[in-house]
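Colleague: Structure supplied as my_file-v7.tsv; contents: TSV, C-alpha atoms.
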chain	number	residue	atom	x	y	z
A	182	MET	CA	14.52	36.09	97.31
A	183	THR	CA	11.58	37.13	95.20
A	184	ASN	CA	13.12	35.47	92.12
A	185	TYR	CA	13.74	32.24	94.08
A	186	PHE	CA	10.18	32.23	95.40
A	187	PHE	CA	8.84	32.72	91.85
A	188	ARG	CA	10.85	29.77	90.52
A	189	PHE	CA	9.79	27.55	93.41
A	190	SER	CA	6.12	28.45	92.90
A	191	LEU	CA	6.37	27.77	89.16
A	192	CYS	CA	7.93	24.33	89.72
A	193	PHE	CA	5.29	23.47	92.31
A	194	LEU	CA	2.53	24.51	89.91
A	195	VAL	CA	3.96	22.40	87.07
A	196	LEU	CA	4.31	19.34	89.32
A	197	ALA	CA	0.80	19.83	90.70
A	198	CYS	CA	-0.65	20.00	87.19
A	199	GLN	CA	1.22	16.88	86.14
A	200	GLY	CA	-0.02	15.01	89.18
A	201	ASN	CA	-3.64	15.86	88.39
A	202	THR	CA	-3.51	14.93	84.70
A	203	VAL	CA	-6.46	12.68	83.85
A	204	PRO	CA	-6.22	10.40	80.80
A	205	GLN	CA	-8.75	11.17	78.07
A	206	PHE	CA	-10.27	8.02	76.58
A	207	ARG	CA	-11.98	9.75	73.65
A	208	VAL	CA	-12.64	13.16	72.15
A	209	HIS	CA	-15.76	14.88	73.43
A	210	PRO	CA	-18.34	15.54	70.66
A	211	ALA	CA	-18.19	19.25	71.47
A	212	ASP	CA	-14.50	19.20	70.48
A	213	SER	CA	-14.97	17.26	67.24
A	214	LYS	CA	-13.55	18.86	64.09
A	215	LEU	CA	-15.69	16.72	61.79
A	216	HIS	CA	-18.86	17.59	59.90
A	217	LEU	CA	-21.11	14.53	59.90
A	218	SER	CA	-22.89	13.34	56.77
A	219	GLN	CA	-26.34	13.55	58.35
A	220	ASP	CA	-25.79	17.21	59.25
A	221	ILE	CA	-24.72	17.92	55.67
A	222	PHE	CA	-27.80	16.06	54.45
A	223	TYR	CA	-30.21	18.18	56.47
A	224	GLU	CA	-28.40	21.42	55.62
A	225	LYS	CA	-27.68	20.99	51.92
A	226	ILE	CA	-29.23	17.88	50.37
A	227	LEU	CA	-32.72	17.59	51.79
A	228	PRO	CA	-33.88	21.05	50.59
A	229	THR	CA	-33.08	20.01	47.01
A	230	MET	CA	-35.53	17.08	47.34
A	231	ALA	CA	-38.58	19.29	47.90
A	232	GLY	CA	-41.82	17.83	46.60
A	233	LYS	CA	-40.31	14.39	45.90
A	234	LYS	CA	-41.01	10.84	47.13
A	235	LEU	CA	-38.59	9.01	49.43
A	236	MET	CA	-37.71	5.48	50.54
A	237	LEU	CA	-35.73	5.40	53.80
A	238	ALA	CA	-33.31	2.74	55.09
A	239	THR	CA	-32.00	3.74	58.53
A	240	ASN	CA	-32.06	2.95	62.24
A	241	PRO	CA	-30.90	4.74	65.42
A	242	SER	CA	-27.27	4.58	64.24
A	243	GLY	CA	-28.22	7.08	61.50
A	244	ILE	CA	-30.85	9.78	61.19
A	245	GLY	CA	-33.30	7.22	62.55
A	246	THR	CA	-32.10	8.21	66.00
A	247	ASN	CA	-34.40	11.26	65.74
A	248	PRO	CA	-37.68	10.32	63.99
A	249	LYS	CA	-39.31	13.61	65.02
A	250	LYS	CA	-36.66	15.56	63.12
A	251	ILE	CA	-37.17	13.35	60.06
A	252	ILE	CA	-40.94	13.88	60.12
A	253	SER	CA	-40.76	17.66	60.63
A	254	SER	CA	-38.00	18.09	58.02
A	255	LEU	CA	-39.88	16.08	55.42
A	256	GLU	CA	-43.11	17.97	56.10
A	257	LYS	CA	-41.32	21.32	55.89
A	258	ASN	CA	-39.93	20.41	52.46
A	259	LYS	CA	-43.12	18.68	51.28
A	260	ILE	CA	-41.29	15.37	50.83
A	261	THR	CA	-43.45	12.24	50.96
A	262	LEU	CA	-42.06	9.24	52.83
A	263	GLU	CA	-43.48	6.33	50.83
A	264	HIS	CA	-41.66	3.29	52.23
A	265	LEU	CA	-39.27	2.20	54.97
A	266	ILE	CA	-36.69	-0.55	54.54
A	267	GLY	CA	-36.41	-2.88	57.51
A	268	LEU	CA	-32.82	-3.86	58.30
A	269	GLU	CA	-31.92	-7.03	60.18
A	270	HIS	CA	-32.67	-5.56	63.62
A	271	GLY	CA	-35.71	-3.47	62.70
A	272	PHE	CA	-36.21	0.28	62.46
A	273	LEU	CA	-35.44	0.88	66.15
A	274	GLY	CA	-32.48	-1.53	66.09
A	275	LEU	CA	-33.93	-3.57	68.97
A	276	GLU	CA	-34.97	-6.86	67.34
A	277	GLU	CA	-32.89	-9.98	68.00
A	278	GLU	CA	-34.81	-12.12	65.52
A	279	PHE	CA	-35.63	-11.61	61.84
A	280	SER	CA	-39.19	-10.56	61.07
A	281	GLN	CA	-41.29	-13.53	60.00
A	282	THR	CA	-43.37	-11.45	57.55
A	283	PRO	CA	-42.18	-9.45	54.52
A	284	VAL	CA	-44.07	-6.28	55.44
A	285	THR	CA	-45.15	-4.71	58.73
A	286	MET	CA	-46.63	-1.32	59.54
A	287	ASP	CA	-44.24	1.01	61.35
A	288	SER	CA	-45.95	2.83	64.22
A	289	THR	CA	-43.50	5.75	64.28
A	290	PHE	CA	-44.08	6.88	60.70
A	291	ASN	CA	-47.32	5.02	59.95
A	292	ARG	CA	-45.72	3.69	56.79
A	293	PRO	CA	-45.10	0.15	55.50
A	294	LEU	CA	-41.80	-1.32	56.63
A	295	TYR	CA	-40.42	-3.76	54.04
A	296	HIS	CA	-38.04	-6.32	55.52
A	297	ILE	CA	-35.47	-6.58	52.76
A	298	TYR	CA	-34.35	-10.11	53.67
A	299	ARG	CA	-37.96	-11.33	53.19
A	300	ILE	CA	-39.13	-9.55	50.02
A	301	LYS	CA	-38.33	-10.77	46.52
A	302	ASP	CA	-35.89	-8.95	44.25
A	303	ALA	CA	-38.58	-8.19	41.69
A	304	GLU	CA	-40.81	-6.66	44.37
A	305	LEU	CA	-37.97	-4.50	45.67
A	306	ARG	CA	-37.27	-3.26	42.17
A	307	GLU	CA	-40.91	-2.20	41.76
A	308	LEU	CA	-40.84	-0.43	45.13
A	309	VAL	CA	-37.76	1.67	44.32
A	310	LYS	CA	-39.35	2.74	41.04
A	311	GLU	CA	-42.21	4.29	43.00
A	312	VAL	CA	-39.94	6.89	44.63
A	313	ASP	CA	-37.54	9.60	43.49
A	314	TYR	CA	-34.91	8.94	46.16
A	315	VAL	CA	-33.65	6.08	48.31
A	316	LEU	CA	-31.77	7.25	51.40
A	317	PHE	CA	-29.39	4.76	53.08
A	318	ASP	CA	-27.97	5.77	56.45
A	319	VAL	CA	-26.67	3.23	58.97
A	320	GLN	CA	-23.49	2.68	60.97
A	321	ASP	CA	-21.30	-0.11	59.62
A	322	VAL	CA	-18.40	-1.91	61.34
A	323	GLY	CA	-16.29	-2.59	58.26
A	324	MET	CA	-17.09	-6.30	57.94
A	325	ARG	CA	-18.89	-8.17	55.16
A	326	CYS	CA	-20.74	-10.40	57.64
A	327	TYR	CA	-22.40	-7.38	59.28
A	328	THR	CA	-25.52	-7.53	57.15
A	329	TYR	CA	-26.05	-3.82	56.41
A	330	LEU	CA	-23.69	-4.09	53.43
A	331	SER	CA	-25.88	-6.87	52.06
A	332	VAL	CA	-28.85	-4.51	52.36
A	333	LEU	CA	-26.94	-1.82	50.48
A	334	LYS	CA	-26.07	-4.29	47.71
A	335	ARG	CA	-29.68	-5.45	47.33
A	336	LEU	CA	-30.89	-1.86	47.09
A	337	MET	CA	-28.26	-1.03	44.48
A	338	ASP	CA	-29.12	-4.12	42.45
A	339	ALA	CA	-32.76	-3.02	42.45
A	340	LEU	CA	-31.85	0.55	41.49
A	341	LYS	CA	-29.65	-0.15	38.47
A	342	ASN	CA	-30.87	1.50	35.26
A	343	THR	CA	-33.75	3.27	37.03
A	344	ASN	CA	-34.40	7.00	37.44
A	345	THR	CA	-34.43	6.72	41.22
A	346	LYS	CA	-31.45	8.31	42.95
A	347	LEU	CA	-29.55	6.67	45.81
A	348	ILE	CA	-28.15	8.85	48.60
A	349	VAL	CA	-25.70	7.18	51.00
A	350	LEU	CA	-24.78	9.04	54.17
A	351	ASP	CA	-21.29	7.83	55.02
A	352	HIS	CA	-20.05	6.80	58.47
A	353	ILE	CA	-16.66	6.34	60.09
A	354	HIS	CA	-16.40	2.86	61.63
A	355	VAL	CA	-14.12	1.09	64.10
A	356	ALA	CA	-12.05	-0.74	61.45
A	357	MET	CA	-10.88	2.34	59.54
A	358	HIS	CA	-7.23	1.55	60.34
A	359	LEU	CA	-7.45	-1.89	58.72
A	360	THR	CA	-6.87	-2.74	55.08
A	361	PRO	CA	-8.87	-5.57	53.42
A	362	MET	CA	-8.38	-8.85	55.29
A	363	GLY	CA	-9.59	-12.41	54.80
A	364	GLU	CA	-11.10	-14.08	51.77
A	365	LYS	CA	-14.11	-13.62	49.48
A	366	MET	CA	-17.28	-15.72	49.56
A	367	SER	CA	-17.47	-18.89	47.52
A	368	PRO	CA	-20.82	-19.39	45.71
A	369	LYS	CA	-21.47	-22.51	47.80
A	370	HIS	CA	-21.45	-20.50	51.02
A	371	LEU	CA	-23.34	-17.42	49.85
A	372	ASN	CA	-25.80	-16.14	52.47
A	373	PHE	CA	-27.39	-12.89	53.69
A	374	ALA	CA	-24.37	-12.23	55.91
A	375	GLY	CA	-22.01	-12.50	52.96
A	376	GLU	CA	-23.54	-11.06	49.81
A	377	PHE	CA	-21.29	-8.04	49.34
A	378	PRO	CA	-18.30	-8.87	47.06
A	379	SER	CA	-15.46	-7.98	49.42
A	380	LEU	CA	-13.06	-9.68	51.77
A	381	LEU	CA	-14.27	-10.39	55.32
A	382	ILE	CA	-12.85	-7.08	56.54
A	383	THR	CA	-13.73	-4.73	53.71
A	384	GLY	CA	-11.23	-1.89	54.13
A	385	MET	CA	-14.04	0.49	53.09
A	386	THR	CA	-16.78	2.64	54.57
A	387	THR	CA	-20.37	2.12	53.39
A	388	GLY	CA	-20.01	5.12	51.08
A	389	GLU	CA	-16.77	3.83	49.59
A	390	ALA	CA	-18.31	0.36	49.23
A	391	ALA	CA	-21.25	1.88	47.32
A	392	ILE	CA	-18.93	3.71	44.91
A	393	PHE	CA	-16.82	0.55	44.49
A	394	TYR	CA	-19.81	-1.70	43.82
A	395	ASN	CA	-21.43	0.76	41.42
A	396	LYS	CA	-18.27	1.03	39.32
A	397	GLU	CA	-16.90	-2.51	39.49
A	398	TYR	CA	-20.13	-4.51	39.30
A	399	LEU	CA	-22.95	-2.28	38.04
A	400	LYS	CA	-21.09	-0.26	35.39
A	401	GLU	CA	-22.19	2.94	37.19
A	402	SER	CA	-25.83	2.20	36.37
A	403	VAL	CA	-27.02	3.55	39.74
A	404	ASN	CA	-27.50	7.31	40.12
A	405	LEU	CA	-25.42	7.52	43.30
A	406	ASN	CA	-24.62	10.41	45.62
A	407	VAL	CA	-22.37	9.63	48.61
A	408	ILE	CA	-22.22	12.27	51.35
A	409	PRO	CA	-18.84	11.95	53.10
A	410	VAL	CA	-17.86	12.86	56.64
A	411	GLU	CA	-16.00	16.15	56.18
A	412	GLY	CA	-12.71	16.63	58.01
A	413	TYR	CA	-11.90	12.97	58.59
A	414	LYS	CA	-8.44	11.66	57.72
A	415	ARG	CA	-7.85	7.93	57.37
A	416	GLY	CA	-5.85	6.65	60.29
A	417	MET	CA	-7.85	8.50	62.94
A	418	TYR	CA	-9.32	6.01	65.38
A	419	PHE	CA	-13.03	6.28	66.10
A	420	GLU	CA	-12.34	7.52	69.63
A	421	ASP	CA	-10.29	10.42	68.19
A	422	THR	CA	-13.11	11.71	66.01
A	423	GLY	CA	-15.54	12.96	68.65
A	424	ILE	CA	-18.35	11.06	66.90
A	425	PRO	CA	-20.83	9.71	69.49
A	426	TRP	CA	-21.35	5.95	69.36
A	427	THR	CA	-24.97	5.20	68.47
A	428	THR	CA	-25.88	1.53	68.80
A	429	PRO	CA	-26.37	0.01	65.31
A	430	SER	CA	-27.74	-3.32	66.60
A	431	PRO	CA	-28.68	-4.87	69.97
A	432	ASN	CA	-25.37	-6.63	70.47
A	433	LEU	CA	-23.01	-3.75	69.70
A	434	PRO	CA	-23.98	-1.32	72.47
A	435	MET	CA	-20.45	-0.01	73.03
A	436	VAL	CA	-17.43	0.90	70.93
A	437	ASP	CA	-15.53	-1.94	72.66
A	438	SER	CA	-18.21	-4.42	71.55
A	439	ALA	CA	-17.80	-3.26	67.96
A	440	ARG	CA	-13.99	-3.47	68.13
A	441	ASN	CA	-14.12	-6.95	69.68
A	442	TYR	CA	-16.70	-8.02	67.09
A	443	LEU	CA	-13.99	-7.81	64.41
A	444	SER	CA	-12.50	-11.01	65.82
A	445	LEU	CA	-15.06	-12.54	68.20
A	446	VAL	CA	-17.76	-12.74	65.52
A	447	LEU	CA	-16.05	-15.87	64.19
A	448	LEU	CA	-16.79	-17.53	67.55
A	449	GLU	CA	-20.39	-17.68	66.34
A	450	GLY	CA	-19.18	-20.61	64.27
A	451	VAL	CA	-18.43	-22.75	67.35
A	452	ASN	CA	-20.50	-24.00	70.28
A	453	VAL	CA	-19.99	-21.07	72.66
A	454	SER	CA	-22.02	-18.01	73.59
A	455	VAL	CA	-20.56	-14.65	72.53
A	456	GLY	CA	-22.55	-12.89	75.21
A	457	ARG	CA	-25.68	-12.19	73.16
A	458	GLY	CA	-28.46	-11.43	75.61
A	459	THR	CA	-26.08	-10.25	78.36
A	460	GLN	CA	-24.90	-6.83	79.47
A	461	ALA	CA	-21.65	-7.32	77.53
A	462	PRO	CA	-22.17	-8.95	74.10
A	463	PHE	CA	-18.96	-9.51	72.13
A	464	VAL	CA	-17.05	-8.83	75.33
A	465	TYR	CA	-18.02	-12.03	77.17
A	466	PHE	CA	-17.70	-15.46	75.59
A	467	GLY	CA	-17.91	-18.93	77.08
A	468	ALA	CA	-19.93	-22.08	77.64
A	469	PRO	CA	-21.03	-24.32	80.54
A	470	TRP	CA	-18.24	-26.73	79.57
A	471	MET	CA	-15.44	-24.14	79.58
A	472	THR	CA	-13.96	-25.15	82.94
A	473	ASN	CA	-10.67	-23.61	84.01
A	474	PRO	CA	-10.83	-20.61	81.64
A	475	GLU	CA	-7.62	-19.32	83.24
A	476	GLU	CA	-5.72	-21.93	81.23
A	477	LEU	CA	-7.10	-20.59	77.97
A	478	ALA	CA	-6.40	-17.00	79.07
A	479	SER	CA	-2.81	-17.96	79.85
A	480	LYS	CA	-2.33	-19.48	76.40
A	481	LEU	CA	-3.72	-16.29	74.81
A	482	SER	CA	-1.52	-13.96	76.87
A	483	SER	CA	1.38	-14.03	74.40
A	484	LEU	CA	-0.77	-12.66	71.57
A	485	GLY	CA	-1.48	-9.10	70.52
A	486	ASN	CA	1.57	-7.33	71.93
A	487	LYS	CA	-0.50	-6.36	75.00
A	488	SER	CA	-3.29	-4.82	72.89
A	489	TYR	CA	-5.78	-6.87	74.91
A	490	TYR	CA	-6.00	-9.36	77.75
A	491	PHE	CA	-8.57	-11.88	78.97
A	492	SER	CA	-10.08	-12.33	82.43
A	493	THR	CA	-12.49	-14.91	83.85
A	494	VAL	CA	-16.23	-14.20	83.81
A	495	TYR	CA	-19.51	-15.96	84.63
A	496	PHE	CA	-22.67	-15.03	82.73
A	497	LYS	CA	-26.12	-16.29	81.76
A	498	PRO	CA	-27.19	-15.41	78.18
A	499	THR	CA	-30.87	-14.75	77.51
A	500	PHE	CA	-30.46	-15.25	73.76
A	501	GLY	CA	-28.53	-17.56	71.44
A	502	PRO	CA	-26.38	-20.58	72.35
A	503	HIS	CA	-26.64	-21.79	75.98
A	504	LYS	CA	-29.64	-19.54	76.59
A	505	GLY	CA	-30.59	-19.54	80.28
A	506	LYS	CA	-27.53	-21.55	81.35
A	507	ILE	CA	-24.64	-20.36	83.50
A	508	CYS	CA	-21.58	-20.02	81.26
A	509	ILE	CA	-17.98	-19.93	82.37
A	510	GLY	CA	-15.66	-18.05	80.07
A	511	LEU	CA	-13.53	-15.05	79.38
A	512	ARG	CA	-13.96	-11.33	79.04
A	513	MET	CA	-11.97	-9.62	76.28
A	514	ASN	CA	-10.44	-6.43	77.68
A	515	LEU	CA	-9.23	-4.09	74.97
A	516	VAL	CA	-6.14	-2.01	75.77
A	517	ARG	CA	-5.39	-0.62	72.30
A	518	PRO	CA	-7.36	-0.87	69.05
A	519	ASP	CA	-4.37	-1.71	66.85
A	520	TYR	CA	-4.62	-5.49	66.93
A	521	ASP	CA	-4.94	-8.09	64.17
A	522	PRO	CA	-8.52	-9.41	64.51
A	523	ILE	CA	-8.07	-12.36	62.15
A	524	LEU	CA	-4.96	-13.56	63.97
A	525	LEU	CA	-6.79	-13.35	67.29
A	526	ALA	CA	-9.87	-15.19	65.97
A	527	TYR	CA	-7.75	-17.98	64.50
A	528	GLU	CA	-5.58	-18.46	67.58
A	529	LEU	CA	-8.52	-18.19	69.96
A	530	ILE	CA	-10.51	-20.91	68.21
A	531	ARG	CA	-7.42	-23.07	67.64
A	532	LEU	CA	-6.47	-22.90	71.33
A	533	MET	CA	-10.07	-23.45	72.42
A	534	LYS	CA	-10.15	-26.62	70.34
A	535	GLU	CA	-6.78	-27.70	71.79
A	536	THR	CA	-7.77	-26.98	75.40
A	537	TYR	CA	-11.24	-28.58	75.27
A	538	PRO	CA	-10.93	-31.39	72.67
A	539	ASN	CA	-13.92	-33.33	74.02
A	540	ASP	CA	-16.31	-30.40	74.28
A	541	PHE	CA	-15.39	-28.07	71.43
A	542	LYS	CA	-17.51	-28.38	68.29
A	543	TRP	CA	-17.94	-26.49	65.04
A	544	SER	CA	-21.58	-25.37	64.79
A	545	LYS	CA	-23.43	-26.46	61.67
A	546	GLY	CA	-26.64	-25.40	59.93
A	547	SER	CA	-28.70	-27.50	57.54
A	548	THR	CA	-26.01	-27.40	54.81
A	549	ASN	CA	-22.84	-25.58	55.88
A	550	HIS	CA	-20.81	-24.93	59.00
A	551	TRP	CA	-21.61	-21.47	60.37
A	552	VAL	CA	-17.98	-20.40	60.46
A	553	ASP	CA	-17.68	-21.19	56.73
A	554	GLN	CA	-20.61	-18.86	56.04
A	555	LEU	CA	-18.93	-16.10	58.02
A	556	TRP	CA	-15.43	-16.59	56.61
A	557	GLY	CA	-16.65	-17.26	53.07
A	558	ASN	CA	-15.42	-20.82	52.53
A	559	ASP	CA	-14.15	-23.80	54.54
A	560	HIS	CA	-10.47	-22.75	54.53
A	561	PHE	CA	-10.46	-21.20	58.02
A	562	ARG	CA	-12.04	-24.26	59.67
A	563	THR	CA	-10.00	-26.75	57.66
A	564	ALA	CA	-6.72	-25.01	58.49
A	565	ILE	CA	-7.45	-25.23	62.22
A	566	ASN	CA	-8.52	-28.87	61.94
A	567	GLU	CA	-5.28	-29.65	60.10
A	568	GLY	CA	-3.17	-27.98	62.79
A	569	LYS	CA	-1.75	-25.24	60.57
A	570	THR	CA	-0.16	-22.20	62.17
A	571	TYR	CA	-1.75	-18.85	61.53
A	572	SER	CA	1.20	-17.85	59.31
A	573	GLU	CA	0.75	-20.97	57.19
A	574	PHE	CA	-2.94	-20.23	56.83
A	575	HIS	CA	-2.47	-16.51	56.15
A	576	ASN	CA	0.06	-17.22	53.40
A	577	THR	CA	-2.62	-19.06	51.42
A	578	TYR	CA	-4.62	-15.86	50.83
A	579	LEU	CA	-2.01	-13.13	51.30
A	580	THR	CA	-1.97	-12.40	47.55
A	581	ASP	CA	-5.76	-11.98	47.57
A	582	GLU	CA	-5.44	-9.30	50.27
A	583	GLU	CA	-2.73	-7.46	48.32
A	584	ASN	CA	-4.80	-7.54	45.13
A	585	GLU	CA	-7.91	-6.32	46.94
A	586	ARG	CA	-5.94	-3.45	48.48
A	587	LYS	CA	-5.00	-2.26	45.01
A	588	LYS	CA	-8.50	-2.82	43.64
A	589	ILE	CA	-10.32	-0.66	46.20
A	590	LYS	CA	-7.72	2.11	46.41
A	591	PRO	CA	-9.33	4.33	43.68
A	592	TYR	CA	-12.60	4.35	45.64
A	593	LEU	CA	-11.30	5.46	49.04
A	594	MET	CA	-12.51	8.96	49.98
A	595	TYR	CA	-10.40	9.55	53.09
Output the file's structure as structure tokens, nothing else.

Modeller:
Amino acid sequence: MTNYFFRFSLCFLVLACQGNTVPQFRVHPADSKLHLSQDIFYEKILPTMAGKKLMLATNPSGIGTNPKKIISSLEKNKITLEHLIGLEHGFLGLEEEFSQTPVTMDSTFNRPLYHIYRIKDAELRELVKEVDYVLFDVQDVGMRCYTYLSVLKRLMDALKNTNTKLIVLDHIHVAMHLTPMGEKMSPKHLNFAGEFPSLLITGMTTGEAAIFYNKEYLKESVNLNVIPVEGYKRGMYFEDTGIPWTTPSPNLPMVDSARNYLSLVLLEGVNVSVGRGTQAPFVYFGAPWMTNPEELASKLSSLGNKSYYFSTVYFKPTFGPHKGKICIGLRMNLVRPDYDPILLAYELIRLMKETYPNDFKWSKGSTNHWVDQLWGNDHFRTAINEGKTYSEFHNTYLTDEENERKKIKPYLMY
């Protein structure tokens, strides 16, 4: 009887535990097995810089999330912060618009903040010569059109054949599972969102991109030190790392926004809002003319092997296209991160054009279509206009992707 009671109790306990199992969406930072680059920097690198001069390029997605720690650590080691580099969204990562002036005074550090997209190359080169170190530390998303890689390239171009050392604190991003995808920029379409010489999806971290660029394009003329994330193995999704998401720009407040950005960013080349200035940028997209969005959602339902689905949403953007207008559209709901972002972007825009032939338009600047400047050339737009399937389009640059995969392989650290 006692043995029977024991077995019954054990079975009941097992079933009770199974019934109360709660799914875990991500690893808690306290359980992370990784050693972040910024921690390694403070522990091992910064003390070796004692008495030197520093230029800093960061925002709240890097060590800029704790300015007080930066100030106290620099003071402790008698390091002089000479200059700050202003990224696209400013030092605090809050600015929607580019600064209209080349230099502003930062109130946090009381130091000049040089907006790298406004200052001339020759001026930047003189600025980097005034310091012993340039520290670059921002969260990337693994795409060429996310302008922080352009900033890195401009800094490296200014640093070549100088005595100033470049320190890059590496980050794990949301596209780590993806190999290089897309095409390279054509000279005709070169712009600030496309200066780094990679495919649209780079297949590299910022640290790997720095090593790649230094070797392949600068003949290792930059004195470069990349601090990796210790313990990371390629293939781990961001949610498995235990790394907290720190917003790198106003419109990527969540991990889902960053994952969706990999495909939805190409919607910035057509006349819809991608939710900028709402509570869900790069989750919502739509326009006042997008009536009956359920039809578009139905057409998209066969894509992605159930990695995502789309549901109807109403929103009013406070920034960007259709500012202040009620938009009807769709919300991208991510189920799994293992989807093909280029396939989704192509099919989404193709089906949008098919569903709303009288309202859909490709957005154009003074010289080029915006989608061409994101993609790198006019092939993406032309293929959709010509009615090509995604497979037909992909086959035109498949060899480029294979070659790029081989080219970057020696520079991958994880």

Colleague: What's the separation between CA of Asn558 in chain A and CA of Met471 in chain A, in Å to one decimal place?

Modeller: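 Straight-line distance from CA of Asn558 in chain A to CA of Met471 in chain A works out to 27.3 Å.
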
Colleague: Set the distance at 12 Å and use all atoms listed in the file: which residues neighbour range 413-428 of chain A once local chain neighbours fewer than 4 positions away are removed? I'd like the list as a PyMOL selection string.

Modeller: chain A and resi 205-219+240-247+270+273-275+319-322+351-360+384-386+409+432-440+517-519+593-595

Colleague: Could you work out how far CA of Cys326 in chain A lies from CA of Gln554 in chain A, giving the answer in Å with one decimal?

Modeller: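 So the two atoms, CA of Gln554 in chain A and CA of Cys326 in chain A, lie 8.6 Å apart.
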
Colleague: What does the distance between CA of Leu481 in chain A and CA of Asp559 in chain A come to in Å, to one decimal place?

Modeller: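 Between CA of Leu481 in chain A and CA of Asp559 in chain A the gap works out to 24.0 Å.
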
Colleague: Pick out the closest residue to Leu316 in chain A from this set: A:His550, A:Lys569, A:Lys346, A:Lys334. Count only C-alpha atoms.

Modeller: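 Checking each of A:His550, A:Lys569, A:Lys346, A:Lys334 against Leu316 in chain A, counting only C-alpha atoms, the winner is A:Lys346.
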
Colleague: What's around Leu511 in chain A at 6 Å? Count only C-alpha atoms, leave out sequence neighbours fewer than 5 positions away in its own chain, and write the answer as an mmCIF file with C-alpha atoms, in the coordinates of the input.

Modeller:
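Output file out-v3.cif follows:
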data_model
loop_
_atom_site.group_PDB
_atom_site.id
_atom_site.type_symbol
_atom_site.label_atom_id
_atom_site.label_comp_id
_atom_site.auth_asym_id
_atom_site.auth_seq_id
_atom_site.Cartn_x
_atom_site.Cartn_y
_atom_site.Cartn_z
ATOM 1 C CA TYR A 465 -18.020 -12.030 77.170
ATOM 2 C CA PHE A 466 -17.700 -15.460 75.590
ATOM 3 C CA PHE A 491 -8.570 -11.880 78.970
ATOM 4 C CA SER A 492 -10.080 -12.330 82.430
ATOM 5 C CA THR A 493 -12.490 -14.910 83.850
ATOM 6 C CA VAL A 494 -16.230 -14.200 83.810
#

Colleague: Report as a ChimeraX atom specification all protein, DNA and RNA residues lying within 9 Å of range 287-302 of chain A, evaluated on only C-alpha atoms, omitting residues in the same chain fewer than 4 positions from it.

Modeller: /A:248-249,252,262-269,271-272,279-283,306-307,332,335-336,338-339,373

Colleague: Could you tell me which of A:Thr343, A:Asn441, A:Ser572, A:Thr536 comes closest to Tyr489 in chain A if we count only C-alpha atoms?

Modeller: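 Closest residue, counting only C-alpha atoms: A:Asn441.
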
Colleague: Using only C-alpha atoms, which of A:Lys341, A:Arg586, A:Lys504, A:Arg531 sits nearest Ser402 in chain A?

Modeller: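 Using only C-alpha atoms, the shortest distance to Ser402 in chain A belongs to A:Lys341.
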
Colleague: Set the distance at 9 Å and use only C-alpha atoms: which residues neighbour range 562-565 of chain A once local chain neighbours fewer than 3 positions away are removed? I'd like the list as a list in words.

Modeller: Tyr527, Glu528, Ile530, Arg531, Lys534, Trp543, His550, Val552, Asp553, Trp556, Asn558, Asp559, Gly568, Lys569, Thr570, Tyr571, Glu573 and Phe574 of chain A

Colleague: When you count all atoms listed in the file, which of these residues is closest to Pro368 in chain A: A:Gly557, A:Gly388, A:Ile382, A:Lys310?

Modeller: A:Gly557

Colleague: Show me the residues close to (-23.4, -5.6, 55.4) - anything with an atom within 9 Å, counting all atoms listed in the file - and format the list as a list in words.

Modeller: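 Protein and nucleic acid residues near the point are Asp321, Val322, Gly323, Met324, Arg325, Cys326, Tyr327, Thr328, Tyr329, Leu330, Ser331, Val332, Leu333, Lys334, Phe373, Ala374, Gly375, Glu376, Phe377 and Thr387 of chain A.
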
Colleague: Between A:Thr229, A:Asn344, A:Ser483, A:Thr239, which has the minimum distance to Asp318 in chain A (counting all atoms listed in the file)?

Modeller: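 Looking only at the distances to Asp318 in chain A, the closest residue turns out to be A:Thr239.
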
Colleague: Considering all atoms listed in the file, can you say which of A:Val349, A:Glu311, A:Thr261, A:Glu364 comes closest to Glu583 in chain A?

Modeller: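 Nearest to Glu583 in chain A: A:Glu364.
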
Colleague: What's around Val403 in chain A at 6 Å? Count only C-alpha atoms, leave out sequence neighbours fewer than 2 positions away in its own chain, and write the answer as a ChimeraX atom specification.

Modeller: /A:340-341,401,405

Colleague: Within 12 Å of (-18.5, -26.3, 72.8), all atoms listed in the file: residues as a PyMOL selection string?

Modeller: chain A and resi 448-455+466-472+502-503+508-510+530+533-544
